[in-house]
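Structure data follow from input33.csv (CSV, C-alpha atoms):
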```csv
chain,number,residue,atom,x,y,z
X,1,MET,CA,67.1,39.1,-131.0
X,2,ILE,CA,69.5,41.3,-128.9
X,3,THR,CA,67.1,44.3,-129.0
X,4,SER,CA,64.3,42.1,-127.6
X,5,TRP,CA,66.3,41.5,-124.4
X,6,LYS,CA,65.5,45.1,-123.4
X,7,GLU,CA,62.0,44.1,-122.4
X,8,SER,CA,61.7,42.1,-119.3
X,9,GLY,CA,58.7,40.1,-120.6
X,10,GLN,CA,60.6,39.2,-123.7
X,11,MET,CA,63.7,38.4,-121.7
X,12,TYR,CA,61.6,35.9,-119.6
X,13,GLU,CA,60.2,34.3,-122.7
X,14,LEU,CA,63.6,34.0,-124.2
X,15,ILE,CA,65.1,32.4,-121.0
X,16,ALA,CA,62.1,30.1,-120.7
X,17,ASP,CA,62.6,29.0,-124.3
X,18,TYR,CA,66.3,28.3,-123.7
X,19,CYS,CA,65.5,26.3,-120.6
X,20,LYS,CA,63.0,24.3,-122.5
X,21,ILE,CA,65.5,23.5,-125.3
X,22,LEU,CA,68.1,22.5,-122.6
X,23,LYS,CA,65.5,20.5,-120.7
X,24,LEU,CA,66.1,22.6,-117.5
X,25,GLY,CA,62.4,22.9,-116.6
X,26,ASN,CA,60.9,26.3,-115.7
X,27,ARG,CA,62.5,27.0,-112.3
X,28,ILE,CA,65.3,29.1,-113.7
X,29,ALA,CA,63.0,31.3,-115.7
X,30,LYS,CA,60.7,31.8,-112.7
X,31,ASN,CA,63.3,32.5,-110.1
X,32,TYR,CA,66.4,34.1,-111.7
X,33,SER,CA,65.1,37.6,-111.2
X,34,GLN,CA,65.0,37.1,-107.4
X,35,ILE,CA,68.7,36.2,-107.2
X,36,GLU,CA,70.9,39.0,-105.8
X,37,ALA,CA,74.6,38.9,-106.7
X,38,ALA,CA,77.6,41.2,-106.8
X,39,SER,CA,79.0,39.6,-110.0
X,40,HIS,CA,78.1,37.5,-113.0
X,41,GLU,CA,80.0,34.6,-111.4
X,42,GLU,CA,78.1,34.8,-108.1
X,43,PHE,CA,74.8,35.1,-110.0
X,44,LEU,CA,75.6,32.0,-112.1
X,45,ALA,CA,76.8,30.0,-109.0
X,46,LYS,CA,73.6,30.8,-107.1
X,47,LEU,CA,71.5,30.0,-110.1
X,48,LEU,CA,73.1,26.6,-110.6
X,49,ALA,CA,72.9,25.9,-106.9
X,50,MET,CA,69.2,26.6,-106.9
X,51,GLU,CA,68.7,24.1,-109.8
X,52,VAL,CA,70.9,21.4,-108.1
X,53,GLU,CA,69.0,21.7,-104.8
X,54,ALA,CA,65.6,21.5,-106.6
X,55,ARG,CA,66.7,18.4,-108.4
X,56,LYS,CA,67.9,16.8,-105.2
X,57,ILE,CA,64.4,17.4,-103.7
X,58,ASN,CA,62.7,16.0,-106.7
X,59,ARG,CA,65.0,13.0,-106.7
X,60,LYS,CA,64.2,12.3,-103.0
X,61,ASN,CA,60.5,12.6,-103.6
X,62,LEU,CA,60.6,10.2,-106.5
X,63,LEU,CA,62.6,7.7,-104.5
X,64,LEU,CA,60.1,7.9,-101.6
X,65,LYS,CA,57.3,7.4,-104.0
X,66,GLN,CA,58.9,4.4,-105.7
X,67,ALA,CA,59.8,2.8,-102.3
X,68,GLN,CA,56.0,2.3,-101.7
X,69,PHE,CA,56.1,2.6,-97.9
X,70,ASP,CA,52.8,1.8,-96.2
X,71,VAL,CA,53.2,4.9,-94.1
X,72,LEU,CA,56.1,7.3,-94.0
X,73,LYS,CA,57.9,7.2,-90.6
X,74,THR,CA,61.0,9.0,-89.4
X,75,PHE,CA,63.3,8.9,-86.4
X,76,GLY,CA,61.6,11.9,-84.9
X,77,ASN,CA,59.5,10.1,-82.3
X,78,PHE,CA,61.1,6.7,-82.4
X,79,ARG,CA,61.8,5.0,-79.0
X,80,PHE,CA,65.2,3.2,-79.0
X,81,GLU,CA,64.9,2.0,-75.4
X,82,LYS,CA,62.9,-1.1,-76.4
X,83,MET,CA,65.6,-2.6,-78.6
X,84,THR,CA,68.9,-4.3,-78.0
X,85,ILE,CA,71.6,-3.5,-80.5
X,86,PRO,CA,74.6,-5.8,-81.1
X,87,ASN,CA,78.2,-4.4,-80.8
X,88,SER,CA,78.6,-4.8,-84.6
X,89,ILE,CA,76.4,-1.7,-85.3
X,90,ASP,CA,75.3,1.5,-83.5
X,91,ILE,CA,72.4,3.8,-83.5
X,92,GLU,CA,74.1,6.4,-85.6
X,93,THR,CA,74.7,3.8,-88.3
X,94,LEU,CA,71.0,3.0,-88.2
X,95,LYS,CA,69.9,6.6,-88.3
X,96,THR,CA,72.1,7.4,-91.3
X,97,ALA,CA,71.4,4.1,-93.1
X,98,SER,CA,75.1,3.9,-93.8
X,99,PHE,CA,75.2,0.1,-93.5
X,100,VAL,CA,73.5,0.1,-96.9
X,101,ASP,CA,76.8,1.3,-98.4
X,102,LYS,CA,78.4,-2.0,-97.1
X,103,LYS,CA,75.5,-4.1,-98.3
X,104,GLU,CA,74.8,-5.3,-94.8
X,105,ASP,CA,71.5,-6.6,-93.5
X,106,LEU,CA,69.3,-6.1,-90.5
X,107,ILE,CA,67.0,-8.6,-88.8
X,108,LEU,CA,64.5,-6.9,-86.5
X,109,TYR,CA,63.1,-9.5,-84.2
X,110,GLY,CA,60.4,-9.1,-81.5
X,111,SER,CA,56.8,-9.2,-80.6
X,112,VAL,CA,54.2,-7.1,-82.4
X,113,GLY,CA,53.8,-3.4,-81.6
X,114,LEU,CA,57.4,-2.7,-80.5
X,115,GLY,CA,58.4,-0.5,-83.4
X,116,LYS,CA,60.1,-2.9,-85.9
X,117,THR,CA,58.2,-1.6,-88.9
X,118,HIS,CA,58.7,2.0,-87.7
X,119,LEU,CA,62.4,1.5,-87.5
X,120,ALA,CA,62.6,-0.3,-90.9
X,121,THR,CA,60.6,2.4,-92.5
X,122,ALA,CA,62.6,5.3,-90.9
X,123,ILE,CA,65.8,3.7,-92.1
X,124,GLY,CA,64.3,3.3,-95.6
X,125,VAL,CA,63.2,6.9,-95.7
X,126,GLU,CA,66.7,8.0,-94.7
X,127,ALA,CA,68.2,5.8,-97.4
X,128,CYS,CA,66.0,7.5,-99.9
X,129,ASN,CA,67.1,10.9,-98.6
X,130,ARG,CA,70.7,9.8,-99.3
X,131,GLY,CA,69.8,8.9,-102.9
X,132,LYS,CA,69.4,5.2,-102.4
X,133,LYS,CA,66.8,3.1,-104.2
X,134,VAL,CA,64.5,1.3,-101.7
X,135,LYS,CA,61.6,-1.1,-102.0
X,136,PHE,CA,59.2,-1.8,-99.1
X,137,PHE,CA,57.0,-4.9,-99.1
X,138,ARG,CA,54.8,-6.8,-96.7
X,139,THR,CA,56.4,-10.2,-97.2
X,140,ALA,CA,53.1,-11.9,-98.0
X,141,SER,CA,52.4,-9.2,-100.6
X,142,LEU,CA,55.9,-9.7,-102.1
X,143,VAL,CA,55.2,-13.5,-102.5
X,144,ASP,CA,51.8,-12.8,-104.1
X,145,GLN,CA,53.5,-10.4,-106.6
X,146,LEU,CA,56.1,-13.0,-107.4
X,147,LEU,CA,53.5,-15.6,-108.0
X,148,ASP,CA,51.3,-13.2,-110.1
X,149,THR,CA,54.2,-12.1,-112.3
X,150,LYS,CA,55.3,-15.7,-112.8
X,151,THR,CA,51.8,-16.5,-114.0
X,152,GLU,CA,51.7,-13.5,-116.2
X,153,GLY,CA,55.2,-14.2,-117.7
X,154,THR,CA,56.7,-11.1,-116.3
X,155,LEU,CA,58.7,-12.6,-113.5
X,156,ASN,CA,62.1,-11.7,-115.0
X,157,ARG,CA,61.0,-8.1,-115.4
X,158,PHE,CA,60.0,-8.0,-111.8
X,159,PHE,CA,63.4,-9.4,-110.7
X,160,ARG,CA,65.2,-6.8,-112.9
X,161,GLN,CA,63.3,-4.1,-111.0
X,162,LEU,CA,64.3,-5.6,-107.7
X,163,SER,CA,67.9,-5.8,-108.8
X,164,LYS,CA,68.0,-2.0,-109.2
X,165,THR,CA,67.4,-1.5,-105.5
X,166,ASP,CA,70.0,-0.7,-102.8
X,167,LEU,CA,67.7,-1.7,-100.0
X,168,LEU,CA,64.9,-4.3,-99.9
X,169,ILE,CA,62.6,-4.2,-96.8
X,170,CYS,CA,60.5,-7.4,-96.1
X,171,ASP,CA,58.0,-6.5,-93.3
X,172,GLU,CA,56.0,-9.0,-91.3
X,173,TRP,CA,58.2,-11.9,-92.3
X,174,GLY,CA,56.6,-15.2,-91.1
X,175,PHE,CA,53.2,-13.8,-90.3
X,176,ILE,CA,51.7,-16.0,-93.1
X,177,PRO,CA,53.2,-19.4,-94.2
X,178,PHE,CA,53.9,-19.9,-97.9
X,179,GLU,CA,53.3,-22.7,-100.3
X,180,LYS,CA,56.2,-24.4,-101.9
X,181,GLU,CA,56.3,-22.3,-105.1
X,182,GLY,CA,56.0,-19.0,-103.1
X,183,SER,CA,58.8,-20.2,-100.8
X,184,GLN,CA,61.1,-21.0,-103.7
X,185,LEU,CA,60.5,-17.6,-105.3
X,186,LEU,CA,61.1,-15.8,-102.1
X,187,PHE,CA,64.4,-17.8,-101.7
X,188,GLN,CA,65.3,-16.6,-105.2
X,189,VAL,CA,64.8,-13.0,-104.1
X,190,ILE,CA,67.0,-13.5,-101.0
X,191,SER,CA,69.7,-15.2,-103.1
X,192,GLU,CA,69.6,-12.2,-105.5
X,193,CYS,CA,70.1,-9.8,-102.6
X,194,TYR,CA,73.0,-11.7,-101.2
X,195,GLU,CA,76.2,-9.6,-101.3
X,196,LYS,CA,74.6,-7.2,-103.8
X,197,ARG,CA,72.2,-5.1,-101.8
X,198,SER,CA,71.0,-4.6,-98.2
X,199,LEU,CA,68.0,-6.4,-96.7
X,200,ILE,CA,65.8,-5.6,-93.7
X,201,ILE,CA,63.5,-8.2,-92.3
X,202,THR,CA,61.0,-7.6,-89.5
X,203,THR,CA,59.8,-10.8,-87.8
X,204,ASN,CA,58.2,-12.1,-84.6
X,205,LEU,CA,59.6,-15.6,-85.2
X,206,GLU,CA,62.9,-16.9,-84.0
X,207,PHE,CA,65.1,-18.7,-86.5
X,208,SER,CA,64.2,-22.2,-85.1
X,209,LYS,CA,60.6,-21.6,-86.1
X,210,TRP,CA,61.2,-20.4,-89.7
X,211,ASN,CA,60.7,-23.9,-91.0
X,212,GLY,CA,57.0,-23.4,-90.2
X,213,ILE,CA,57.0,-20.6,-92.8
X,214,PHE,CA,58.6,-22.6,-95.6
X,215,TYR,CA,57.9,-26.2,-94.7
X,216,ASP,CA,61.2,-27.3,-96.2
X,217,GLU,CA,64.2,-27.7,-93.9
X,218,LYS,CA,66.8,-27.5,-96.6
X,219,LEU,CA,65.2,-24.3,-98.1
X,220,THR,CA,64.9,-22.8,-94.6
X,221,SER,CA,68.5,-23.5,-93.8
X,222,ALA,CA,69.6,-22.0,-97.1
X,223,ILE,CA,67.6,-18.8,-96.5
X,224,ILE,CA,68.9,-18.4,-93.0
X,225,ASP,CA,72.4,-19.0,-94.1
X,226,ARG,CA,72.3,-16.2,-96.7
X,227,ILE,CA,70.4,-13.8,-94.4
X,228,ILE,CA,72.6,-14.1,-91.3
X,229,HIS,CA,76.0,-13.9,-93.0
X,230,TYR,CA,76.1,-10.1,-93.2
X,231,SER,CA,73.3,-9.4,-90.7
X,232,HIS,CA,72.9,-7.5,-87.5
X,233,LEU,CA,70.2,-8.9,-85.2
X,234,ILE,CA,68.3,-6.2,-83.3
X,235,VAL,CA,66.0,-7.6,-80.6
X,236,PHE,CA,62.9,-5.7,-79.5
X,237,GLU,CA,61.4,-6.4,-76.0
X,238,GLY,CA,58.8,-4.8,-73.8
X,239,THR,CA,55.1,-3.8,-74.0
X,240,SER,CA,53.4,-3.0,-77.3
X,241,ASN,CA,53.5,0.7,-78.1
X,242,ARG,CA,50.0,0.5,-79.4
X,243,LEU,CA,48.9,-1.1,-76.1
X,244,GLU,CA,50.6,1.6,-74.1
X,245,ASN,CA,49.0,4.3,-76.1
X,246,SER,CA,45.6,2.8,-75.7
X,247,MET,CA,46.1,2.6,-72.0
X,248,ILE,CA,47.2,6.2,-71.8
X,249,LYS,CA,44.1,7.3,-73.7
X,250,SER,CA,41.8,5.4,-71.5
X,251,THR,CA,43.0,7.1,-68.3
```
Could you take the file, read its structure, and then write that structure out as structure tokens?
Amino acid sequence: MITSWKESGQMYELIADYCKILKLGNRIAKNYSQIEAASHEEFLAKLLAMEVEARKINRKNLLLKQAQFDVLKTFGNFRFEKMTIPNSIDIETLKTASFVDKKEDLILYGSVGLGKTHLATAIGVEACNRGKKVKFFRTASLVDQLLDTKTEGTLNRFFRQLSKTDLLICDEWGFIPFEKEGSQLLFQVISECYEKRSLIITTNLEFSKWNGIFYDEKLTSAIIDRIIHYSHLIVFEGTSNRLENSMIKST
């Protein structure tokens, strides 16, 4: 075996075989020859660093895929001037998604088109970049899935999947009212999140109108109580971004 190492082609095959046995993929075999180092130690360190970085990238891509964002958004072109942030949180905390470490929640409230979904998604993407597990739902879609899985007998499995997340995003909360069973299942989701993981809700309804979503005052009060305990309320005001963009294009 040692004599075969003298041929570069055989060396590559040998390294590739070892990587396969050790379940290291094919990156090392493909890239080790490009590494320049003054010592064996430096070569090994660079080789391992390359593998660690590749795994980080793969992990981020997997988390982004599993989050199921409607559209990927970042903070690159986000406009913070249309939102009012409470003293309990700051922009840097939002941009780093560090509030997720504390299992705190966000309520993004305001009219349509002001950037609530953009902000929620950008925070979710950053959380994924930091290795956090995120799930993004349109709230009506989440309720539909809850009802479907209950009918199919897989509701407990669905809840187990949700329990593995670090951040749950419920977009367009209150756009569509729910029937009693859907409301109860959504309440169960909120209860499961309480003090265990972070939650982001985007809504255009003030708290006093949430009873119009659930049609049950006690249930509404219980949901609000759990949501606001560890929440930061961010209020969006101004002209719709989509409206502004359409006006600009028409001039």
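If you measure from each of X:Lys116, X:Asn129, X:Ala29, X:Glu104 to Met83 (chain X) using only C-alpha atoms, the closest one turns out to be X:Lys116.
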request  = Give as a list in words the set of residues within 12 Å of the point (61.1, 16.1, -100.3), where distances use the file's coordinates and only C-alpha atoms.
outcome  =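 Result, sorted by chain then residue number: Glu53, Ala54, Arg55, Lys56, Ile57, Asn58, Arg59, Lys60, Asn61, Leu62, Leu63, Leu64, Lys65, Leu72, Val125, Glu126, Cys128, Asn129, Arg130 and Gly131 of chain X.
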request  = Grab the CA of Ile28 (chain X) to CA of Ala67 (chain X) distance for me, in Å with one decimal place.
outcome  = 29.2 Å
What residues have an atom no more than 10 Å from (72.2, 2.4, -95.0) in the file's own frame, counting all atoms listed in the file, and can you write them as a PDB file with C-alpha atoms, keeping the file's coordinate frame?
```pdb
ATOM      1  CA  THR X  93      74.700   3.800 -88.300  1.00  0.00           C
ATOM      2  CA  LEU X  94      71.000   3.000 -88.200  1.00  0.00           C
ATOM      3  CA  LYS X  95      69.900   6.600 -88.300  1.00  0.00           C
ATOM      4  CA  THR X  96      72.100   7.400 -91.300  1.00  0.00           C
ATOM      5  CA  ALA X  97      71.400   4.100 -93.100  1.00  0.00           C
ATOM      6  CA  SER X  98      75.100   3.900 -93.800  1.00  0.00           C
ATOM      7  CA  PHE X  99      75.200   0.100 -93.500  1.00  0.00           C
ATOM      8  CA  VAL X 100      73.500   0.100 -96.900  1.00  0.00           C
ATOM      9  CA  ASP X 101      76.800   1.300 -98.400  1.00  0.00           C
ATOM     10  CA  LYS X 102      78.400  -2.000 -97.100  1.00  0.00           C
ATOM     11  CA  LYS X 103      75.500  -4.100 -98.300  1.00  0.00           C
ATOM     12  CA  GLU X 104      74.800  -5.300 -94.800  1.00  0.00           C
ATOM     13  CA  ASP X 105      71.500  -6.600 -93.500  1.00  0.00           C
ATOM     14  CA  ILE X 123      65.800   3.700 -92.100  1.00  0.00           C
ATOM     15  CA  GLY X 124      64.300   3.300 -95.600  1.00  0.00           C
ATOM     16  CA  GLU X 126      66.700   8.000 -94.700  1.00  0.00           C
ATOM     17  CA  ALA X 127      68.200   5.800 -97.400  1.00  0.00           C
ATOM     18  CA  CYS X 128      66.000   7.500 -99.900  1.00  0.00           C
ATOM     19  CA  ARG X 130      70.700   9.800 -99.300  1.00  0.00           C
ATOM     20  CA  LYS X 132      69.400   5.200-102.400  1.00  0.00           C
ATOM     21  CA  ASP X 166      70.000  -0.700-102.800  1.00  0.00           C
ATOM     22  CA  LEU X 167      67.700  -1.700-100.000  1.00  0.00           C
ATOM     23  CA  SER X 198      71.000  -4.600 -98.200  1.00  0.00           C
ATOM     24  CA  LEU X 199      68.000  -6.400 -96.700  1.00  0.00           C
TER      25      LEU X 199
END
```
key: All residues 7 Å or closer to region 182-188 of chain X, all atoms listed in the file, same chain fewer than 3 positions away omitted, as a PyMOL selection string   = chain X and resi 143+146-147+178-179+191-192+214+223
How would the residues just picked look written out with C-alpha atoms as a PDB file, in the frame of the given file?
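Result file is result_19.pdb:
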```pdb
ATOM      1  CA  VAL X 143      55.200 -13.500-102.500  1.00  0.00           C
ATOM      2  CA  LEU X 146      56.100 -13.000-107.400  1.00  0.00           C
ATOM      3  CA  LEU X 147      53.500 -15.600-108.000  1.00  0.00           C
ATOM      4  CA  PHE X 178      53.900 -19.900 -97.900  1.00  0.00           C
ATOM      5  CA  GLU X 179      53.300 -22.700-100.300  1.00  0.00           C
ATOM      6  CA  SER X 191      69.700 -15.200-103.100  1.00  0.00           C
ATOM      7  CA  GLU X 192      69.600 -12.200-105.500  1.00  0.00           C
ATOM      8  CA  PHE X 214      58.600 -22.600 -95.600  1.00  0.00           C
ATOM      9  CA  ILE X 223      67.600 -18.800 -96.500  1.00  0.00           C
TER      10      ILE X 223
END
```
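Between CA of Ser231 (chain X) and CA of Glu206 (chain X) the separation is 14.5 Å.
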Atom pair CA of Gly25 (chain X) / CA of Glu42 (chain X): separation (Å) =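 So the answer is 21.5 Å.
The nearest approach to Met11 (chain X) among the residues X:Lys30, X:Lys164, X:Arg226, X:Arg197, with all atoms listed in the file taken into account, belongs to X:Lys30.
If only C-alpha atoms are the atoms counted, then among X:Ile85, X:Ile169, X:Leu24, X:Cys19 the closest residue to Lys133 (chain X) is X:Ile169.
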Excluding Phe236 (chain X) and residues on its chain fewer than 5 positions from it, collect all residues at most 8 Å away from it, counting all atoms listed in the file, and give them as an mmCIF file with C-alpha atoms, in the coordinates of the input.
```cif
data_model
loop_
_atom_site.group_PDB
_atom_site.id
_atom_site.type_symbol
_atom_site.label_atom_id
_atom_site.label_comp_id
_atom_site.auth_asym_id
_atom_site.auth_seq_id
_atom_site.Cartn_x
_atom_site.Cartn_y
_atom_site.Cartn_z
ATOM 1 C CA LYS X 82 62.900 -1.100 -76.400
ATOM 2 C CA MET X 83 65.600 -2.600 -78.600
ATOM 3 C CA THR X 84 68.900 -4.300 -78.000
ATOM 4 C CA LEU X 108 64.500 -6.900 -86.500
ATOM 5 C CA TYR X 109 63.100 -9.500 -84.200
ATOM 6 C CA GLY X 110 60.400 -9.100 -81.500
ATOM 7 C CA SER X 111 56.800 -9.200 -80.600
ATOM 8 C CA LEU X 114 57.400 -2.700 -80.500
ATOM 9 C CA GLY X 115 58.400 -0.500 -83.400
ATOM 10 C CA LYS X 116 60.100 -2.900 -85.900
#
```
query = Leaving out Lys209 (chain X) and any residue of its chain fewer than 5 positions from it, which residues lie within 10 Å of it when counting only C-alpha atoms, given as a PyMOL selection string?
reply = chain X and resi 174+204+214+220
